[in-house]
$ cat data.txt   # compact mmCIF, C-alpha atoms
# COMPACT_ATOMS: atom_id res chain seq x y z
CA LEU U 27 -11.76 1.93 53.53
CA ASP U 28 -10.92 5.47 52.39
CA CYS U 29 -8.11 6.48 54.72
CA ILE U 30 -6.06 5.33 57.71
CA LEU U 31 -4.92 7.98 60.17
CA ILE U 32 -2.10 7.31 62.62
CA CYS U 33 -2.34 9.41 65.77
CA ALA U 34 0.96 10.10 67.50
CA GLY U 35 2.52 12.44 69.99
CA LEU U 36 5.97 13.15 68.58
CA GLY U 37 7.79 14.24 71.72
CA GLY U 38 8.05 10.88 73.47
CA GLY U 39 9.55 7.61 72.40
CA THR U 40 6.29 5.74 71.76
CA GLY U 41 4.50 7.80 69.12
CA GLY U 42 7.63 9.06 67.40
CA GLY U 43 9.57 5.82 67.75
CA MET U 44 6.78 3.63 66.41
CA GLY U 45 5.78 5.99 63.60
CA SER U 46 7.67 4.33 60.75
CA SER U 47 6.50 0.85 61.77
CA LEU U 48 2.88 1.97 62.03
CA ILE U 49 3.02 3.63 58.62
CA SER U 50 4.38 0.42 57.10
CA LEU U 51 1.65 -1.68 58.74
CA ALA U 52 -1.06 0.73 57.66
CA ARG U 53 0.13 0.71 54.06
CA LYS U 54 0.18 -3.08 54.01
CA HIS U 55 -3.40 -3.09 55.28
CA MET U 56 -4.45 -0.59 52.61
CA VAL U 57 -2.92 -2.81 49.92
CA GLN U 58 -4.75 -5.85 51.27
CA THR U 59 -8.02 -3.94 51.49
CA THR U 60 -7.99 -1.60 48.49
CA GLY U 61 -5.09 -2.76 46.33
CA GLU U 62 -3.26 0.57 46.86
CA ASP U 63 -0.98 1.87 49.59
CA THR U 64 -2.06 5.51 49.29
CA ARG U 65 -4.02 7.66 51.73
CA VAL U 66 -2.22 6.69 54.90
CA GLY U 67 -2.07 9.86 56.96
CA ALA U 68 -1.35 11.04 60.46
CA VAL U 69 -2.52 13.37 63.18
CA VAL U 70 0.59 14.38 65.11
CA SER U 71 1.02 16.64 68.12
CA MET U 72 4.08 18.79 68.71
CA PRO U 73 5.35 19.43 72.26
CA GLN U 74 6.10 22.82 73.73
CA PRO U 75 9.75 24.02 73.77
CA TRP U 76 9.96 24.00 77.57
CA GLU U 77 9.26 20.24 77.74
CA GLY U 78 12.96 19.40 77.60
CA GLN U 79 15.81 18.95 75.16
CA LEU U 80 15.22 15.24 74.51
CA THR U 81 11.48 15.72 73.97
CA CYS U 82 12.07 18.55 71.51
CA ARG U 83 14.77 16.62 69.66
CA ASN U 84 12.53 13.54 69.42
CA ALA U 85 9.70 15.65 67.99
CA VAL U 86 11.80 17.20 65.20
CA GLN U 87 13.40 13.87 64.28
CA ALA U 88 10.07 12.03 64.28
CA PHE U 89 8.45 14.79 62.21
CA SER U 90 11.29 14.47 59.71
CA GLU U 91 10.66 10.71 59.45
CA PHE U 92 6.92 11.22 58.91
CA MET U 93 7.61 13.73 56.16
CA ALA U 94 10.15 11.46 54.49
CA ALA U 95 7.51 8.68 54.45
CA LYS U 96 5.31 10.97 52.30
CA ILE U 97 2.14 10.32 54.27
CA SER U 98 -1.03 12.21 53.43
CA PRO U 99 -2.96 13.84 54.92
CA MET U 100 -0.83 15.09 57.78
CA ILE U 101 -2.50 17.18 60.45
CA VAL U 102 -0.13 18.90 62.86
CA ILE U 103 -1.38 19.93 66.29
CA ASP U 104 0.76 22.47 68.11
CA ASN U 105 0.10 21.93 71.83
CA ALA U 106 1.14 25.47 72.69
CA ARG U 107 -1.27 26.89 70.11
CA VAL U 108 -4.16 24.74 71.34
CA LYS U 109 -3.52 25.93 74.88
CA ASN U 110 -3.49 29.59 73.82
CA ILE U 111 -6.60 29.34 71.62
CA TYR U 112 -8.79 27.39 73.99
CA SER U 113 -7.20 28.27 77.36
CA SER U 114 -7.07 24.56 78.05
CA SER U 115 -5.75 23.12 81.29
CA MET U 116 -3.18 20.35 81.15
CA ALA U 117 -5.94 17.77 81.73
CA ASP U 118 -8.13 19.20 78.94
CA LEU U 119 -5.42 19.86 76.35
CA TYR U 120 -5.39 16.53 74.52
CA PRO U 121 -9.15 15.86 74.72
CA LYS U 122 -9.80 19.33 73.32
CA ALA U 123 -7.36 18.91 70.44
CA ASN U 124 -8.78 15.46 69.67
CA SER U 125 -12.37 16.67 69.68
CA VAL U 126 -11.65 19.67 67.43
CA VAL U 127 -9.87 17.56 64.79
CA ALA U 128 -12.46 14.76 64.94
CA GLU U 129 -15.39 17.17 64.66
CA LEU U 130 -13.90 18.99 61.68
CA PHE U 131 -13.08 15.74 59.90
CA ASN U 132 -16.65 14.61 60.49
CA VAL U 133 -18.04 17.88 59.10
CA PHE U 134 -16.07 17.72 55.86
CA ASN U 135 -16.78 14.01 55.43
CA TYR U 136 -20.51 14.60 56.02
CA TYR U 137 -20.89 17.45 53.56
CA ALA U 138 -18.71 15.75 50.95
CA ALA U 139 -21.30 12.93 50.94
CA ASN U 140 -24.27 15.32 51.00
CA ARG U 141 -25.81 15.95 47.57
CA LYS U 142 -28.46 18.42 48.77
CA GLY U 143 -26.32 21.52 48.88
CA LEU U 144 -26.98 24.69 46.94
CA VAL U 145 -23.34 24.37 45.87
CA THR U 146 -21.91 20.93 46.58
CA PHE U 147 -18.46 19.87 47.72
CA ASP U 148 -18.16 16.23 46.69
CA GLN U 149 -16.12 13.25 47.86
CA SER U 150 -13.68 13.32 44.95
CA GLU U 151 -12.79 16.90 45.89
CA PHE U 152 -12.42 15.89 49.55
CA PHE U 153 -10.09 13.06 48.56
CA GLN U 154 -7.97 15.49 46.52
CA LEU U 155 -7.45 17.49 49.70
CA LEU U 156 -6.68 14.36 51.74
CA ASP U 157 -3.95 13.61 49.19
CA SER U 158 -2.38 17.08 49.50
CA GLY U 159 0.12 16.50 52.32
CA ILE U 160 -0.03 18.83 55.31
CA ILE U 161 -3.51 20.24 55.88
CA VAL U 162 -5.11 22.57 58.41
CA MET U 163 -8.79 22.92 59.24
CA GLY U 164 -10.80 25.60 60.99
CA SER U 165 -14.35 26.75 61.67
CA SER U 166 -16.06 29.96 62.65
CA PHE U 167 -19.57 31.10 63.51
CA ILE U 168 -20.81 34.28 61.90
CA ASP U 169 -23.73 35.98 63.65
CA PRO U 170 -26.06 37.25 60.89
CA LYS U 171 -27.12 40.14 63.15
CA LYS U 172 -23.55 41.43 63.12
CA VAL U 173 -23.12 41.21 59.37
CA SER U 174 -23.87 44.42 57.49
CA SER U 175 -21.77 43.89 54.37
CA PRO U 176 -19.77 41.19 52.53
CA ALA U 177 -16.62 42.70 54.08
CA ASP U 178 -17.80 41.48 57.49
CA VAL U 179 -17.77 37.88 56.24
CA ARG U 180 -14.27 38.32 54.85
CA SER U 181 -13.09 39.74 58.15
CA VAL U 182 -14.38 36.80 60.19
CA ILE U 183 -12.77 34.26 57.87
CA ARG U 184 -9.48 36.17 57.90
CA ASP U 185 -9.48 36.22 61.71
CA GLU U 186 -10.40 32.54 61.90
CA LEU U 187 -7.54 31.49 59.65
CA ALA U 188 -5.09 33.64 61.59
CA ASN U 189 -6.13 32.58 65.08
CA ASN U 190 -8.08 29.32 65.13
CA VAL U 191 -6.16 26.69 63.16
CA LEU U 192 -4.24 24.23 65.31
CA SER U 193 -0.81 24.66 63.71
CA ALA U 194 0.99 27.83 62.66
CA CYS U 195 1.69 26.91 59.04
CA ASP U 196 2.09 29.67 56.48
CA LEU U 197 -1.38 29.47 54.94
CA ARG U 198 -0.33 31.76 52.09
CA ARG U 199 1.74 28.91 50.70
CA GLY U 200 -1.17 26.48 50.55
CA LYS U 201 -2.25 25.54 47.06
CA LYS U 202 -5.51 23.66 47.63
CA GLY U 203 -8.48 24.38 49.82
CA VAL U 204 -12.20 24.26 50.45
CA CYS U 205 -14.61 26.71 52.01
CA VAL U 206 -18.01 25.38 53.11
CA PHE U 207 -20.84 27.60 54.34
CA VAL U 208 -23.78 26.18 56.27
CA THR U 209 -26.53 28.76 56.65
CA CYS U 210 -30.00 28.84 58.17
CA PRO U 211 -33.02 29.29 55.84
CA GLU U 212 -33.53 32.88 57.00
CA VAL U 213 -30.02 33.84 55.90
CA GLN U 214 -30.58 32.26 52.49
CA GLN U 215 -33.76 34.30 52.07
CA THR U 216 -32.41 37.66 53.24
CA PHE U 217 -28.72 37.69 52.25
CA SER U 218 -27.49 38.00 48.68
CA ASP U 219 -24.92 35.64 47.20
CA ASP U 220 -22.36 38.44 47.47
CA TYR U 221 -21.92 37.76 51.19
CA LEU U 222 -20.82 34.16 50.75
CA MET U 223 -18.93 34.93 47.55
CA SER U 224 -16.81 37.39 49.50
CA GLY U 225 -15.83 34.57 51.84
CA PHE U 226 -14.86 32.35 48.94
CA GLU U 227 -12.85 35.20 47.43
CA GLN U 228 -11.01 35.78 50.73
CA LEU U 229 -9.75 32.21 50.77
CA ASP U 230 -9.11 32.13 47.02
CA GLN U 231 -6.89 35.21 47.30
CA LEU U 232 -4.99 33.70 50.21
CA LEU U 233 -4.00 30.47 48.43
CA GLY U 234 -0.59 30.75 46.79
CA SER U 235 -0.14 34.40 47.80
CA GLY U 236 3.06 33.60 49.71
CA TYR U 237 5.05 32.84 46.55
CA THR U 238 6.95 35.33 44.41
CA GLU U 239 5.49 33.66 41.35
CA ARG U 240 2.00 32.57 42.27
CA PRO U 241 1.41 28.88 41.51
CA ALA U 242 -1.80 27.32 40.22
CA THR U 243 -4.29 26.91 43.06
CA VAL U 244 -7.63 25.18 43.53
CA LEU U 245 -10.46 26.25 45.82
CA HIS U 246 -13.48 23.98 46.23
CA ARG U 247 -16.72 25.50 47.45
CA GLY U 248 -19.85 24.32 49.21
CA THR U 249 -23.06 25.94 50.42
CA TYR U 250 -25.57 23.97 52.46
CA THR U 251 -28.77 24.56 54.42
CA GLY U 252 -28.56 24.14 58.19
CA ASP U 253 -31.20 24.34 60.90
CA GLU U 254 -32.97 27.45 62.16
CA ASP U 255 -30.24 28.19 64.72
CA SER U 256 -27.23 27.60 62.50
CA GLY U 257 -26.78 31.25 61.50
CA ILE U 258 -23.74 31.27 59.21
CA GLN U 259 -21.18 28.56 59.92
CA CYS U 260 -17.98 28.56 57.88
CA TYR U 261 -15.63 25.59 57.61
CA THR U 262 -12.27 25.88 55.90
CA LEU U 263 -9.54 23.42 54.96
CA ILE U 264 -6.22 24.34 53.35
CA GLY U 265 -3.81 21.75 51.99
CA ASP U 266 -0.52 21.34 50.15
CA LEU U 267 1.18 23.31 52.92
CA GLU U 268 4.77 23.54 54.06
CA PRO U 269 5.66 22.31 57.56
CA PRO U 270 5.08 24.71 60.48
CA LYS U 271 8.47 26.39 60.30
CA ASP U 272 8.25 28.57 63.40
CA THR U 273 7.17 25.69 65.65
CA LEU U 274 9.81 23.31 64.31
CA SER U 275 12.55 25.94 64.52
CA LYS U 276 11.81 26.58 68.19
CA LEU U 277 11.84 22.86 68.94
CA ALA U 278 15.06 22.35 66.96
CA ARG U 279 16.81 25.09 68.94
CA ALA U 280 15.51 23.78 72.26
CA GLY U 281 16.55 20.24 71.28
CA ASN U 282 19.93 21.25 69.85
CA VAL U 283 19.08 19.29 66.72
CA ALA U 284 21.94 18.56 64.31
CA ALA U 285 21.50 18.44 60.54
CA THR U 286 22.73 14.84 60.45
CA THR U 287 19.78 13.67 62.58
CA VAL U 288 17.02 14.85 60.25
CA SER U 289 16.33 14.58 56.54
CA PRO U 290 18.25 16.95 54.24
CA ASN U 291 14.98 18.60 53.21
CA ILE U 292 13.97 19.42 56.78
CA ALA U 293 17.52 20.55 57.64
CA ALA U 294 17.54 22.94 54.68
CA PHE U 295 13.99 24.13 55.40
CA LEU U 296 14.86 24.99 59.01
CA GLY U 297 18.36 26.25 58.22
CA ILE U 298 20.03 23.68 60.48
CA ASP U 299 23.79 23.40 59.91
$ encode --input "data.txt" --output "structure tokens"
Amino acid sequence: LDCILICAGLGGGTGGGMGSSLISLARKHMVQTTGEDTRVGAVVSMPQPWEGQLTCRNAVQAFSEFMAAKISPMIVIDNARVKNIYSSSMADLYPKANSVVAELFNVFNYYAANRKGLVTFDQSEFFQLLDSGIIVMGSSFIDPKKVSSPADVRSVIRDELANNVLSACDLRRGKKGVCVFVTCPEVQQTFSDDYLMSGFEQLDQLLGSGYTERPATVLHRGTYTGDEDSGIQCYTLIGDLEPPKDTLSKLARAGNVAATTVSPNIAAFLGID
């Protein structure tokens, strides 16, 4: 058993209200199974501000409790962002968010166990990222026919990170990450290493760039061979992030959240009096 993930919607009373109890149960199970209580994480969804004062207040308070419990990894899904990115209907919203997160987790887990890469991203590196608190994941397809220079690869990755991750965290304040390229054999034969290196450099430059004094950062890298139709597929994961401030601030205002109802750290982070 490598990790337990608790899935919860934080706006209602069930997911948010049961969060602390579920974390405690999961940690007890990890101790019984592995001897350690680490690597208990969560996938949590945040409501939209128009869903009502009580729902918004519940979400901010529950998020504060999850953060205080120091769970890792923590994947935050912003329902409003999912709807905007994928134009999902109400009926498709949760299935779409679930499938995106599950597929990306599966991709990173698969390649972390795959030793046949040109540049390998191994399980110990994946576990480091799982232990890095709040994480975001994203993917993008790069059509080789539309790539004329390494700058084109950088541009696609930059757009992906800005528009396709499921929570609006400040990615510049992430300190750990991984970039995995899966390319078809034709790309490997016709493209120079500079194209993929430019993608790695784009992410490497992003990490820690949101600090006045740039902290130490770590970027793991992977390059693997896909099938004939894979083109260039890029998968990114950034960890050691701060909470999604904009989303939480909107919910706190809509929920009229008081500083006494959340942890001091979250109150200070959001500027709640």
$ residues_near_point --input "data.txt" --point "(-8.3, 4.3, 52.9)" --cutoff "9 Å" --atoms "only C-alpha atoms" --output "PyMOL selection string"
chain U and resi 27-31+56+59-60+62-66
$ atom_distance --input "data.txt" --atom1 "CA of Ser289 in chain U" --atom2 "CA of Tyr120 in chain U"
28.3 Å
$ atom_distance --input "data.txt" --atom1 "CA of Ser174 in chain U" --atom2 "CA of Cys260 in chain U"
16.9 Å
$ residues_around --input "data.txt" --residues "Asp196 in chain U" --least-positions-apart "4" --cutoff "9 Å" --atoms "only C-alpha atoms" --output "PyMOL selection string"
chain U and resi 200+236+267-271
$ residues_around --input "data.txt" --residues "range 82-86 of chain U" --least-positions-apart "2" --cutoff "9 Å" --atoms "only C-alpha atoms" --output "MDAnalysis selection string"
chainID U and resid 35:39 42:43 71:80 88:91 274:283 288 292
$ closest_residue --input "data.txt" --among "U:Val213, U:Ile258, U:Leu263, U:Val145" --to "Val162 in chain U" --atoms "only C-alpha atoms"
U:Leu263
$ closest_residue --input "data.txt" --among "U:Val204, U:Leu229, U:Val127, U:Ala139" --to "Asp185 in chain U" --atoms "all atoms listed in the file"
U:Leu229
$ residues_around --input "data.txt" --residues "Gly257 in chain U" --least-positions-apart "6" --cutoff "8 Å" --atoms "all atoms listed in the file" --output "ChimeraX atom specification"
/U:167-170,208-210,213
$ write_last_selection --input "data.txt" --atoms "C-alpha atoms" --output "PDB file, in the frame of the given file"
ATOM      1  CA  PHE U 167     -19.570  31.100  63.510  1.00  0.00           C
ATOM      2  CA  ILE U 168     -20.810  34.280  61.900  1.00  0.00           C
ATOM      3  CA  ASP U 169     -23.730  35.980  63.650  1.00  0.00           C
ATOM      4  CA  PRO U 170     -26.060  37.250  60.890  1.00  0.00           C
ATOM      5  CA  VAL U 208     -23.780  26.180  56.270  1.00  0.00           C
ATOM      6  CA  THR U 209     -26.530  28.760  56.650  1.00  0.00           C
ATOM      7  CA  CYS U 210     -30.000  28.840  58.170  1.00  0.00           C
ATOM      8  CA  VAL U 213     -30.020  33.840  55.900  1.00  0.00           C
TER       9      VAL U 213
END
$ atom_distance --input "data.txt" --atom1 "CA of Cys33 in chain U" --atom2 "CA of Ile264 in chain U"
19.8 Å
$ residues_near_point --input "data.txt" --point "(-9.4, 23.2, 49.6)" --cutoff "9 Å" --atoms "only C-alpha atoms" --output "list of chain:residue names"
U:Glu151, U:Phe152, U:Gln154, U:Leu155, U:Gly200, U:Lys201, U:Lys202, U:Gly203, U:Val204, U:Cys205, U:Val244, U:Leu245, U:His246, U:Arg247, U:Thr262, U:Leu263, U:Ile264, U:Gly265
$ write_last_selection --input "data.txt" --atoms "C-alpha atoms" --output "PDB file, in the frame of the given file"
ATOM      1  CA  GLU U 151     -12.790  16.900  45.890  1.00  0.00           C
ATOM      2  CA  PHE U 152     -12.420  15.890  49.550  1.00  0.00           C
ATOM      3  CA  GLN U 154      -7.970  15.490  46.520  1.00  0.00           C
ATOM      4  CA  LEU U 155      -7.450  17.490  49.700  1.00  0.00           C
ATOM      5  CA  GLY U 200      -1.170  26.480  50.550  1.00  0.00           C
ATOM      6  CA  LYS U 201      -2.250  25.540  47.060  1.00  0.00           C
ATOM      7  CA  LYS U 202      -5.510  23.660  47.630  1.00  0.00           C
ATOM      8  CA  GLY U 203      -8.480  24.380  49.820  1.00  0.00           C
ATOM      9  CA  VAL U 204     -12.200  24.260  50.450  1.00  0.00           C
ATOM     10  CA  CYS U 205     -14.610  26.710  52.010  1.00  0.00           C
ATOM     11  CA  VAL U 244      -7.630  25.180  43.530  1.00  0.00           C
ATOM     12  CA  LEU U 245     -10.460  26.250  45.820  1.00  0.00           C
ATOM     13  CA  HIS U 246     -13.480  23.980  46.230  1.00  0.00           C
ATOM     14  CA  ARG U 247     -16.720  25.500  47.450  1.00  0.00           C
ATOM     15  CA  THR U 262     -12.270  25.880  55.900  1.00  0.00           C
ATOM     16  CA  LEU U 263      -9.540  23.420  54.960  1.00  0.00           C
ATOM     17  CA  ILE U 264      -6.220  24.340  53.350  1.00  0.00           C
ATOM     18  CA  GLY U 265      -3.810  21.750  51.990  1.00  0.00           C
TER      19      GLY U 265
END
$ closest_residue --input "data.txt" --among "U:Ser181, U:Gln259, U:Asn189, U:Ser218" --to "Val206 in chain U" --atoms "all atoms listed in the file"
U:Gln259
$ residues_around --input "data.txt" --residues "Pro241 in chain U" --least-positions-apart "2" --cutoff "12 Å" --atoms "only C-alpha atoms" --output "PyMOL selection string"
chain U and resi 198-202+231-239+243-244+266
$ residues_around --input "data.txt" --residues "Asp219 in chain U" --least-positions-apart "2" --cutoff "12 Å" --atoms "all atoms listed in the file" --output "list in words"
Leu144, Val145, Ser175, Pro176, Val179, Phe207, Thr209, Val213, Gln214, Gln215, Thr216, Phe217, Tyr221, Leu222, Met223, Ser224, Gly225, Phe226 and Thr249 of chain U
$ write_last_selection --input "data.txt" --atoms "C-alpha atoms" --output "tab-separated table (two decimals), in the frame of the given file"
chain	number	residue	atom	x	y	z
U	144	LEU	CA	-26.98	24.69	46.94
U	145	VAL	CA	-23.34	24.37	45.87
U	175	SER	CA	-21.77	43.89	54.37
U	176	PRO	CA	-19.77	41.19	52.53
U	179	VAL	CA	-17.77	37.88	56.24
U	207	PHE	CA	-20.84	27.60	54.34
U	209	THR	CA	-26.53	28.76	56.65
U	213	VAL	CA	-30.02	33.84	55.90
U	214	GLN	CA	-30.58	32.26	52.49
U	215	GLN	CA	-33.76	34.30	52.07
U	216	THR	CA	-32.41	37.66	53.24
U	217	PHE	CA	-28.72	37.69	52.25
U	221	TYR	CA	-21.92	37.76	51.19
U	222	LEU	CA	-20.82	34.16	50.75
U	223	MET	CA	-18.93	34.93	47.55
U	224	SER	CA	-16.81	37.39	49.50
U	225	GLY	CA	-15.83	34.57	51.84
U	226	PHE	CA	-14.86	32.35	48.94
U	249	THR	CA	-23.06	25.94	50.42
$ closest_residue --input "data.txt" --among "U:Lys142, U:Lys54, U:Arg107, U:Arg180" --to "Thr273 in chain U" --atoms "all atoms listed in the file"
U:Arg107
$ closest_residue --input "data.txt" --among "U:Gly164, U:Gly143, U:Pro99, U:Gly159" --to "Leu130 in chain U" --atoms "all atoms listed in the file"
U:Gly164
$ closest_residue --input "data.txt" --among "U:Ile160, U:Val70, U:Ile111, U:Ala294" --to "Lys96 in chain U" --atoms "all atoms listed in the file"
U:Ile160
